[in-house]
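**Student:** Pasting upload_32.txt below, which is compact mmCIF, C-alpha atoms and all ligand atoms.
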```
# COMPACT_ATOMS: atom_id res chain seq x y z
CA MET A 1464 7.95 -2.63 -3.67
CA ASP A 1465 5.13 -4.77 -2.34
CA GLN A 1466 2.36 -4.96 -4.93
CA ALA A 1467 -0.38 -4.98 -2.31
CA LYS A 1468 0.58 -1.39 -1.46
CA PHE A 1469 0.24 0.08 -4.93
CA ILE A 1470 -2.12 -1.90 -7.14
CA ALA A 1471 -5.81 -1.20 -7.30
CA MET A 1472 -8.14 -0.99 -10.27
CA VAL A 1473 -10.00 2.32 -10.51
CA GLY A 1474 -13.10 1.99 -8.34
CA GLY A 1475 -16.65 3.33 -8.71
CA ASP A 1476 -18.38 3.49 -12.07
CA GLY A 1477 -16.84 6.63 -13.55
CA GLU A 1478 -15.46 7.00 -17.06
CA PHE A 1479 -12.14 5.25 -16.33
CA SER A 1480 -13.37 2.80 -13.70
CA TYR A 1481 -12.67 -0.93 -14.03
CA GLN A 1482 -16.45 -1.35 -14.11
CA ARG A 1483 -16.41 0.36 -17.49
CA MET A 1484 -12.91 -0.44 -18.70
CA GLY A 1485 -12.90 -4.20 -17.94
CA VAL A 1486 -14.56 -4.98 -21.26
CA LEU A 1487 -11.66 -6.98 -22.71
CA GLN A 1488 -11.68 -9.18 -19.61
CA ALA A 1489 -15.48 -9.55 -19.77
CA HIS A 1490 -15.15 -10.67 -23.37
CA ALA A 1491 -12.37 -13.15 -22.49
CA GLY A 1492 -14.49 -14.42 -19.59
CA ARG A 1493 -17.47 -15.08 -21.86
CA ARG A 1494 -15.28 -17.12 -24.19
CA LEU A 1495 -14.31 -19.26 -21.19
CA GLU A 1496 -17.89 -20.17 -20.27
CA PRO A 1497 -18.07 -23.45 -22.25
CA LEU A 1498 -14.83 -24.57 -20.60
CA MET A 1499 -16.07 -23.55 -17.15
CA ALA A 1500 -19.28 -25.53 -17.73
CA GLU A 1501 -17.27 -28.56 -18.84
CA THR A 1502 -15.00 -28.24 -15.79
CA VAL A 1503 -17.98 -28.15 -13.41
CA LYS A 1504 -18.99 -31.55 -14.83
CA HIS A 1505 -15.76 -32.99 -13.38
CA MET A 1506 -16.44 -31.66 -9.91
CA SER A 1507 -17.49 -34.08 -7.19
CA LEU A 1508 -20.68 -32.71 -5.66
CA PRO A 1509 -20.85 -32.59 -1.86
CA GLU A 1510 -24.14 -33.86 -0.44
CA GLN A 1511 -24.19 -31.19 2.21
CA GLY A 1512 -23.41 -27.50 2.18
CA PRO A 1513 -22.01 -25.07 2.29
CA LEU A 1514 -20.51 -25.53 -1.13
CA HIS A 1515 -17.73 -22.96 -1.31
CA ILE A 1516 -16.63 -21.18 -4.50
CA ALA A 1517 -13.92 -18.53 -4.53
CA ASP A 1518 -12.78 -15.98 -7.09
CA PHE A 1519 -9.17 -14.88 -6.65
CA GLY A 1520 -8.75 -11.37 -8.06
CA CYS A 1521 -12.37 -10.20 -8.41
CA SER A 1522 -11.65 -6.47 -8.85
CA THR A 1523 -14.70 -4.23 -8.36
CA GLY A 1524 -16.95 -7.08 -9.31
CA ARG A 1525 -19.02 -6.75 -12.45
CA ASN A 1526 -17.15 -9.45 -14.39
CA SER A 1527 -16.54 -11.55 -11.32
CA ILE A 1528 -20.23 -11.66 -10.39
CA SER A 1529 -21.02 -12.72 -13.91
CA TYR A 1530 -18.45 -15.60 -13.74
CA MET A 1531 -19.79 -16.62 -10.35
CA ASN A 1532 -23.43 -16.51 -11.46
CA PHE A 1533 -22.51 -18.75 -14.37
CA ILE A 1534 -20.63 -21.28 -12.21
CA VAL A 1535 -23.37 -21.35 -9.55
CA LYS A 1536 -25.92 -21.96 -12.30
CA CYS A 1537 -23.83 -24.83 -13.77
CA ILE A 1538 -23.43 -26.43 -10.33
CA THR A 1539 -27.13 -26.01 -9.55
CA ASP A 1540 -28.06 -27.63 -12.87
CA ARG A 1541 -25.91 -30.62 -11.98
CA TYR A 1542 -27.74 -31.10 -8.68
CA VAL A 1543 -31.12 -30.78 -10.39
CA GLU A 1544 -30.08 -33.29 -13.05
CA ALA A 1545 -28.73 -35.70 -10.45
CA GLY A 1546 -32.02 -35.45 -8.51
CA GLU A 1547 -34.07 -36.11 -11.65
CA ASN A 1548 -31.94 -39.09 -12.67
CA ASN A 1549 -32.26 -40.68 -9.24
CA GLY A 1550 -35.95 -39.86 -8.84
CA HIS A 1551 -35.06 -38.01 -5.62
CA VAL A 1552 -36.12 -34.62 -4.35
CA THR A 1553 -33.60 -32.09 -5.66
CA CYS A 1554 -31.57 -30.80 -2.80
CA VAL A 1555 -29.14 -28.05 -3.68
CA PRO A 1556 -26.76 -27.20 -0.86
CA GLU A 1557 -26.34 -23.61 0.25
CA MET A 1558 -23.46 -21.97 -1.55
CA LEU A 1559 -20.93 -19.47 -0.33
CA VAL A 1560 -18.96 -17.35 -2.79
CA SER A 1561 -15.78 -15.67 -1.54
CA PHE A 1562 -14.65 -12.67 -3.56
CA ASN A 1563 -10.93 -12.02 -3.05
CA GLU A 1564 -8.95 -8.90 -3.97
CA LEU A 1565 -6.00 -6.88 -2.76
CA PRO A 1566 -6.85 -4.72 0.25
CA GLY A 1567 -6.80 -1.45 -1.77
CA ASN A 1568 -9.69 -2.66 -3.98
CA ASP A 1569 -13.00 -0.78 -4.05
CA PHE A 1570 -15.02 -3.42 -2.18
CA ASN A 1571 -17.88 -0.91 -1.74
CA THR A 1572 -18.72 -1.10 -5.44
CA LEU A 1573 -18.60 -4.90 -5.28
CA SER A 1574 -20.86 -4.89 -2.24
CA GLN A 1575 -23.41 -2.61 -3.96
CA LEU A 1576 -23.43 -4.79 -7.07
CA LEU A 1577 -23.95 -7.88 -4.94
CA ALA A 1578 -26.82 -6.22 -3.08
CA SER A 1579 -28.62 -5.37 -6.29
CA GLU A 1580 -28.02 -8.90 -7.66
CA ALA A 1581 -29.48 -10.38 -4.49
CA LYS A 1582 -32.55 -8.17 -4.78
CA ASP A 1583 -33.14 -9.25 -8.41
CA ALA A 1584 -32.65 -12.88 -7.44
CA LYS A 1585 -35.16 -12.59 -4.60
CA ASP A 1586 -37.75 -11.02 -6.90
CA LEU A 1587 -37.32 -13.62 -9.62
CA ALA A 1588 -36.12 -16.83 -7.98
CA PRO A 1589 -38.19 -19.87 -8.90
CA SER A 1590 -38.38 -22.58 -6.30
CA ILE A 1591 -37.86 -26.28 -6.95
CA ASN A 1592 -39.12 -28.45 -4.11
CA GLY A 1593 -38.68 -25.60 -1.70
CA ALA A 1594 -35.05 -24.92 -2.60
CA ASP A 1595 -34.07 -21.71 -4.32
CA VAL A 1596 -32.44 -23.02 -7.45
CA GLY A 1597 -32.22 -21.94 -11.03
CA ARG A 1598 -31.32 -18.36 -10.21
CA ALA A 1599 -27.61 -17.88 -10.56
CA SER A 1600 -27.26 -15.39 -7.75
CA SER A 1601 -28.80 -17.59 -5.06
CA TYR A 1602 -25.66 -17.69 -2.93
CA PHE A 1603 -24.16 -16.14 0.16
CA SER A 1604 -21.15 -13.94 -0.40
CA ALA A 1605 -18.06 -12.84 1.49
CA MET A 1606 -15.27 -10.43 0.62
CA VAL A 1607 -11.71 -11.38 1.39
CA GLY A 1608 -9.02 -8.68 1.27
CA GLY A 1609 -5.46 -9.94 0.82
CA SER A 1610 -2.97 -11.24 -1.72
CA PHE A 1611 -3.80 -14.53 -3.40
CA TYR A 1612 -0.10 -15.35 -3.16
CA ASN A 1613 -0.82 -16.11 0.52
CA ARG A 1614 -3.24 -18.34 2.40
CA LEU A 1615 -6.60 -16.53 2.59
CA LEU A 1616 -9.26 -19.10 3.41
CA PRO A 1617 -9.59 -22.05 5.79
CA LYS A 1618 -7.94 -25.36 5.14
CA GLU A 1619 -9.87 -27.77 2.90
CA SER A 1620 -12.80 -25.38 2.52
CA ILE A 1621 -13.04 -24.53 -1.22
CA HIS A 1622 -14.77 -26.76 -3.76
CA PHE A 1623 -14.24 -24.63 -6.86
CA ALA A 1624 -11.72 -21.80 -7.23
CA ILE A 1625 -11.28 -19.49 -10.19
CA SER A 1626 -8.88 -16.72 -11.10
CA ILE A 1627 -9.49 -14.88 -14.36
CA PHE A 1628 -7.00 -12.47 -15.91
CA CYS A 1629 -4.97 -12.01 -12.72
CA LEU A 1630 -2.04 -14.38 -12.32
CA HIS A 1631 0.24 -12.47 -14.69
CA TRP A 1632 0.41 -9.74 -11.99
CA MET A 1633 3.52 -10.25 -9.87
CA SER A 1634 3.61 -9.82 -6.11
CA GLN A 1635 6.59 -7.46 -6.41
CA ILE A 1636 9.21 -6.07 -8.77
CA PRO A 1637 12.61 -7.70 -8.21
CA ALA A 1638 14.59 -5.18 -6.16
CA THR A 1639 17.66 -5.54 -8.42
CA VAL A 1640 15.95 -4.03 -11.46
CA THR A 1641 15.11 -0.70 -9.83
CA ASP A 1642 18.40 -0.37 -7.91
CA MET A 1643 20.63 2.13 -9.75
CA SER A 1644 23.77 0.46 -8.40
CA SER A 1645 22.77 -2.99 -9.63
CA PRO A 1646 24.13 -4.46 -12.88
CA LEU A 1647 20.51 -5.50 -13.54
CA TYR A 1648 19.13 -1.93 -13.28
CA ASN A 1649 16.43 -1.70 -15.96
CA GLU A 1650 17.61 1.68 -17.18
CA GLY A 1651 15.55 3.50 -19.78
CA ARG A 1652 12.73 1.01 -19.67
CA SER A 1653 9.63 0.32 -17.66
CA TRP A 1654 9.15 -3.34 -18.59
CA ILE A 1655 11.01 -6.35 -20.01
CA LEU A 1656 9.32 -6.61 -23.39
CA GLY A 1657 12.08 -6.86 -26.02
CA GLY A 1658 14.68 -5.84 -23.42
CA ASN A 1659 17.68 -7.39 -21.68
CA PRO A 1660 17.24 -11.20 -21.33
CA THR A 1661 19.08 -11.27 -17.98
CA ILE A 1662 16.68 -8.71 -16.50
CA ALA A 1663 13.75 -10.67 -17.93
CA ARG A 1664 15.05 -13.75 -16.10
CA GLU A 1665 14.81 -11.81 -12.80
CA PHE A 1666 11.14 -11.22 -13.55
CA ALA A 1667 10.75 -14.90 -14.46
CA GLN A 1668 12.21 -15.95 -11.12
CA GLN A 1669 9.89 -13.71 -9.09
CA SER A 1670 6.91 -14.76 -11.15
CA MET A 1671 7.65 -18.46 -10.66
CA LEU A 1672 8.01 -17.95 -6.92
CA ASP A 1673 4.62 -16.22 -6.97
CA LEU A 1674 3.01 -19.10 -8.85
CA ASP A 1675 4.48 -21.59 -6.36
CA ASN A 1676 2.95 -19.56 -3.53
CA PHE A 1677 -0.42 -19.36 -5.28
CA LEU A 1678 -0.50 -23.13 -5.90
CA ASP A 1679 0.69 -24.06 -2.40
CA SER A 1680 -1.88 -21.74 -0.80
CA ARG A 1681 -4.73 -23.12 -2.92
CA ALA A 1682 -3.53 -26.69 -2.34
CA ALA A 1683 -4.08 -26.15 1.38
CA GLU A 1684 -7.46 -24.46 0.90
CA MET A 1685 -9.10 -26.84 -1.59
CA VAL A 1686 -11.23 -29.77 -0.44
CA PRO A 1687 -9.94 -33.12 -1.75
CA GLY A 1688 -11.10 -33.33 -5.38
CA GLY A 1689 -11.66 -29.55 -5.56
CA ILE A 1690 -11.05 -27.71 -8.82
CA VAL A 1691 -8.92 -24.65 -9.61
CA PHE A 1692 -9.77 -22.93 -12.89
CA ALA A 1693 -7.33 -20.17 -13.90
CA SER A 1694 -6.86 -18.11 -17.02
CA PHE A 1695 -4.15 -15.50 -17.44
CA VAL A 1696 -1.83 -13.83 -19.93
CA SER A 1697 0.82 -16.15 -21.30
CA ARG A 1698 3.56 -16.08 -23.91
CA HIS A 1699 4.32 -18.32 -26.86
CA ASP A 1700 8.10 -18.61 -26.55
CA ALA A 1701 9.14 -20.87 -23.69
CA ALA A 1702 12.85 -20.05 -24.01
CA ASN A 1703 13.01 -16.27 -24.07
CA PRO A 1704 11.21 -14.44 -21.29
CA GLU A 1705 11.95 -11.07 -22.89
CA ASN A 1706 9.68 -12.14 -25.79
CA GLN A 1707 6.60 -11.50 -23.69
CA VAL A 1708 4.46 -10.96 -26.75
CA ASN A 1709 4.71 -12.50 -30.18
CA PRO A 1710 6.31 -9.83 -32.44
CA GLU A 1711 3.28 -9.70 -34.77
CA CYS A 1712 1.04 -8.85 -31.82
CA ARG A 1713 3.29 -6.18 -30.30
CA PRO A 1714 1.81 -3.26 -32.25
CA ARG A 1715 -1.58 -3.84 -30.61
CA PHE A 1716 -0.27 -4.66 -27.15
CA SER A 1717 -0.82 -1.48 -25.17
CA LEU A 1718 1.40 -2.41 -22.23
CA GLY A 1719 4.55 -2.51 -24.35
CA PRO A 1720 6.01 0.25 -26.49
CA ASP A 1721 2.98 2.56 -26.08
CA PHE A 1722 3.41 2.55 -22.34
CA GLU A 1723 7.10 3.32 -22.55
CA SER A 1724 6.60 6.09 -25.06
CA ALA A 1725 3.99 7.66 -22.74
CA TRP A 1726 6.60 7.72 -19.95
CA ASN A 1727 9.13 9.20 -22.38
CA ASP A 1728 6.70 11.97 -23.35
CA LEU A 1729 6.39 12.85 -19.66
CA ILE A 1730 10.19 13.07 -19.43
CA ASP A 1731 10.38 15.22 -22.60
CA ASP A 1732 7.73 17.56 -21.15
CA GLY A 1733 9.72 17.84 -17.90
CA VAL A 1734 6.90 16.30 -15.83
CA ILE A 1735 9.07 13.46 -14.46
CA THR A 1736 12.78 12.64 -14.35
CA THR A 1737 14.43 9.65 -16.03
CA GLU A 1738 15.07 8.23 -12.54
CA THR A 1739 11.35 8.31 -11.79
CA ARG A 1740 10.67 6.38 -15.00
CA ASP A 1741 13.42 3.89 -14.19
CA THR A 1742 12.18 3.21 -10.69
CA PHE A 1743 8.82 2.23 -12.16
CA ASN A 1744 8.53 -1.24 -13.69
CA LEU A 1745 5.31 -2.94 -14.68
CA PRO A 1746 4.73 -5.86 -12.27
CA LEU A 1747 3.68 -8.15 -15.10
CA TYR A 1748 5.09 -11.40 -16.40
CA ALA A 1749 3.60 -13.66 -19.08
CA ARG A 1750 4.57 -17.26 -18.29
CA SER A 1751 4.94 -19.96 -20.90
CA LYS A 1752 2.81 -23.11 -20.85
CA GLU A 1753 5.95 -25.09 -19.92
CA GLU A 1754 6.63 -22.85 -16.90
CA VAL A 1755 3.07 -23.29 -15.66
CA GLU A 1756 3.12 -27.04 -16.16
CA ALA A 1757 6.44 -27.34 -14.29
CA ALA A 1758 5.05 -25.31 -11.35
CA ILE A 1759 1.93 -27.50 -11.10
CA ILE A 1760 4.03 -30.67 -11.14
CA LYS A 1761 6.41 -29.20 -8.55
CA CYS A 1762 3.49 -28.32 -6.24
CA GLY A 1763 2.34 -31.94 -6.49
CA ALA A 1764 -1.17 -31.32 -5.16
CA PHE A 1765 -3.04 -31.02 -8.47
CA ASP A 1766 -3.70 -33.18 -11.52
CA ILE A 1767 -3.92 -31.22 -14.75
CA GLN A 1768 -7.23 -31.82 -16.50
CA TYR A 1769 -6.75 -29.15 -19.10
CA LEU A 1770 -3.86 -26.83 -19.98
CA GLN A 1771 -4.10 -24.81 -23.11
CA SER A 1772 -2.12 -21.90 -24.44
CA PRO A 1773 -3.41 -19.69 -27.23
CA VAL A 1774 -0.73 -21.11 -29.51
CA ASP A 1775 -2.53 -24.46 -29.35
CA ALA A 1776 -5.83 -22.71 -29.79
CA ASN A 1777 -4.44 -20.72 -32.72
CA LEU A 1778 -5.26 -17.44 -31.03
CA CYS A 1779 -3.11 -14.35 -30.68
CA PRO A 1780 -0.24 -15.35 -28.34
CA GLU A 1781 -0.64 -12.42 -25.96
CA ASP A 1782 -3.95 -14.00 -25.11
CA GLU A 1783 -4.66 -15.93 -21.97
CA LEU A 1784 -3.49 -19.34 -20.77
CA THR A 1785 -6.16 -21.52 -19.25
CA VAL A 1786 -5.62 -24.20 -16.63
CA ALA A 1787 -8.05 -26.44 -14.80
C1 LIG B 1801 -7.48 -7.38 -14.88
S1 LIG B 1801 -8.18 -7.50 -13.29
C2 LIG B 1801 -9.24 -8.92 -13.51
C3 LIG B 1801 -10.45 -8.84 -12.62
C4 LIG B 1801 -11.51 -9.91 -12.87
N1 LIG B 1801 -11.01 -11.22 -12.53
C5 LIG B 1801 -12.01 -9.88 -14.29
O1 LIG B 1801 -11.85 -10.89 -14.99
O2 LIG B 1801 -12.52 -8.84 -14.70
C6 LIG B 1801 -6.84 -8.20 -12.34
C7 LIG B 1801 -7.13 -8.09 -10.88
O3 LIG B 1801 -6.18 -8.90 -10.16
C8 LIG B 1801 -5.97 -8.25 -8.92
N2 LIG B 1801 -4.76 -8.78 -8.31
C9 LIG B 1801 -3.50 -8.67 -8.77
N3 LIG B 1801 -2.65 -9.26 -7.91
C10 LIG B 1801 -3.39 -9.75 -6.89
C11 LIG B 1801 -3.08 -10.47 -5.70
N4 LIG B 1801 -1.82 -10.77 -5.41
N5 LIG B 1801 -4.07 -10.82 -4.88
C12 LIG B 1801 -5.37 -10.51 -5.18
N6 LIG B 1801 -5.73 -9.82 -6.31
C13 LIG B 1801 -4.75 -9.45 -7.15
C14 LIG B 1801 -5.84 -6.79 -9.34
O4 LIG B 1801 -5.98 -5.93 -8.23
C15 LIG B 1801 -6.94 -6.67 -10.36
O5 LIG B 1801 -8.15 -6.22 -9.81
```
Let me see whether you can do it: turn the structure in this file into structure tokens.
**Tutor:**
Amino acid sequence: MDQAKFIAMVGGDGEFSYQRMGVLQAHAGRRLEPLMAETVKHMSLPEQGPLHIADFGCSTGRNSISYMNFIVKCITDRYVEAGENNGHVTCVPEMLVSFNELPGNDFNTLSQLLASEAKDAKDLAPSINGADVGRASSYFSAMVGGSFYNRLLPKESIHFAISIFCLHWMSQIPATVTDMSSPLYNEGRSWILGGNPTIAREFAQQSMLDLDNFLDSRAAEMVPGGIVFASFVSRHDAANPENQVNPECRPRFSLGPDFESAWNDLIDDGVITTETRDTFNLPLYARSKEEVEAAIIKCGAFDIQYLQSPVDANLCPEDELTVA
């Protein structure tokens, strides 16, 4: 089934909305700030605007706006610093931020958050030599509905792209694993964690195709010298895709056994049939660092400045993989 038709984070700001539940991601995003700041230092600054930044997979926006504010602030600081060093008038180009999500996303919540950010920025923005700088939200914004596994923005238009906590989502579940007549039918399970290695390899194949599409699409959209900064869930064991999570971390990984036992409770209570459970599979795949590196080399459009898995960083292996 096509992911674009069924995935959407819960909108609004109710109890179970992404606005309130995206705390883990917000925390992970904050830990990435020093690396984002460092990455901005490697960016070549255009003399004229618009300078275009894009977030691929922004959800309903609270975390995304915070990442974008931070990046805009880092870029602005670089222009101010460059102006001071050269004894020139600081001239910060106008910036455009594109917020991308799947079409089913609650873009209304994002739009309301952006409007209130813009109001705060207008009230507080200091002015340096006539240019509105120093306030992180001094940018124009656009919302782009569509899958980031396709082309979404004009050729050679993006200077800095990010995608935080998204690229482990697959574009679709391989048809073979939900087909009852297939030898690869994922019977009795709703994911690949600790399951059949052959079925896990089907997920791996789809996921690698997705990553190729993401990289090829961004390669077309980035300006020469543009930067892609991505962080997503990865796994520690390059060889065995069914080992999606390091065994010591499994007990606190909610998408694994807990999820399957919730489905099983629904079957026991007669709410759903086993077939319903078996036709659902989580569209998630945690790539290894080696798989990501191979995809970037295969794409051929990017140099790797930084590629770190949590194993290197001595973090819990179900944590995110960061690439710039
Ligand atoms: C866990 S949320 C992360 C949101 C945000 N980046 C953050 O850090 O809070 C993952 C988001 O990726 C989006 N997503 C998944 N696949 C996508 C695709 N193919 N194209 C665009 N967005 C996608 C989901 O809809 C979801 O909102």
**Student:** Tell me which of A:Gly1608, A:Gly1474, A:Gly1733, A:Gly1546 sits closest to Leu1565 in chain A, counting all atoms listed in the file.
**Tutor:** A:Gly1608
**Student:** Of the residues A:Gln1482, A:Ser1522, A:Ser1653, A:Gln1669, which is the one nearest to ligand LIG 1801 (chain B), using only C-alpha atoms and all ligand atoms?
**Tutor:**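 So, comparing all the options, the nearest one is A:Ser1522.
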**Student:** Kindly compile the residues surrounding ligand LIG 1801 (chain B) within 8 Å, counting all atoms listed in the file, and format them as an NGL selection string.
**Tutor:** :A and (1466-1467 or 1470-1472 or 1481 or 1485-1486 or 1488-1489 or 1491-1492 or 1518-1527 or 1563-1565 or 1567-1568 or 1608-1612 or 1626-1634)
**Student:** From the options A:Met1506, A:Val1640, A:Ala1701, A:Met1671, which residue's atoms come nearest to Ile1759 in chain A, counting all atoms listed in the file?
**Tutor:**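 Ranking A:Met1506, A:Val1640, A:Ala1701, A:Met1671 by distance to Ile1759 in chain A, first place goes to A:Met1671.
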**Student:** For CA of Pro1556 in chain A and CA of Phe1677 in chain A, quote the distance in Å rounded to one decimal.
**Tutor:**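 For CA of Pro1556 in chain A relative to CA of Phe1677 in chain A, the distance reads 27.8 Å.
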**Student:** Which is closest to Ala1578 in chain A among A:Ser1604, A:Ser1751, A:Thr1553, A:Asn1709, if we use only C-alpha atoms?
**Tutor:**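 Closest residue, counting only C-alpha atoms: A:Ser1604.
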**Student:** Calculate how many Å separate CA of Tyr1542 in chain A from CA of Glu1557 in chain A, rounding to one decimal.
**Tutor:** 11.7 Å
**Student:** Hey, can you check how far CA of Glu1754 in chain A sits from CA of Asp1766 in chain A?
**Tutor:**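 Between these atoms lies a distance of 15.6 Å.
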**Student:** Choose the residue, out of A:His1551, A:Gly1651, A:Leu1577, A:Leu1615, that has the smallest atom-to-atom separation from Ile1730 in chain A; count only C-alpha atoms.
**Tutor:**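 Between A:His1551, A:Gly1651, A:Leu1577, A:Leu1615, the residue approaching Ile1730 in chain A most closely is A:Gly1651.
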**Student:** Rank nothing, just name the residue among A:Ala1693, A:Met1558, A:Ala1758, A:Val1607 nearest to Gln1771 in chain A, using all atoms listed in the file.
**Tutor:**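 Ranked by minimum distance to Gln1771 in chain A, first place goes to A:Ala1693.
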**Student:** Excluding range 1655-1659 of chain A and any residue of its chain fewer than 2 positions from it, enumerate the residues within 6 Å of it, using all atoms listed in the file, and give them as JSON, numbers by chain.
**Tutor:** {"A": [1661, 1662, 1663, 1705, 1706, 1707]}
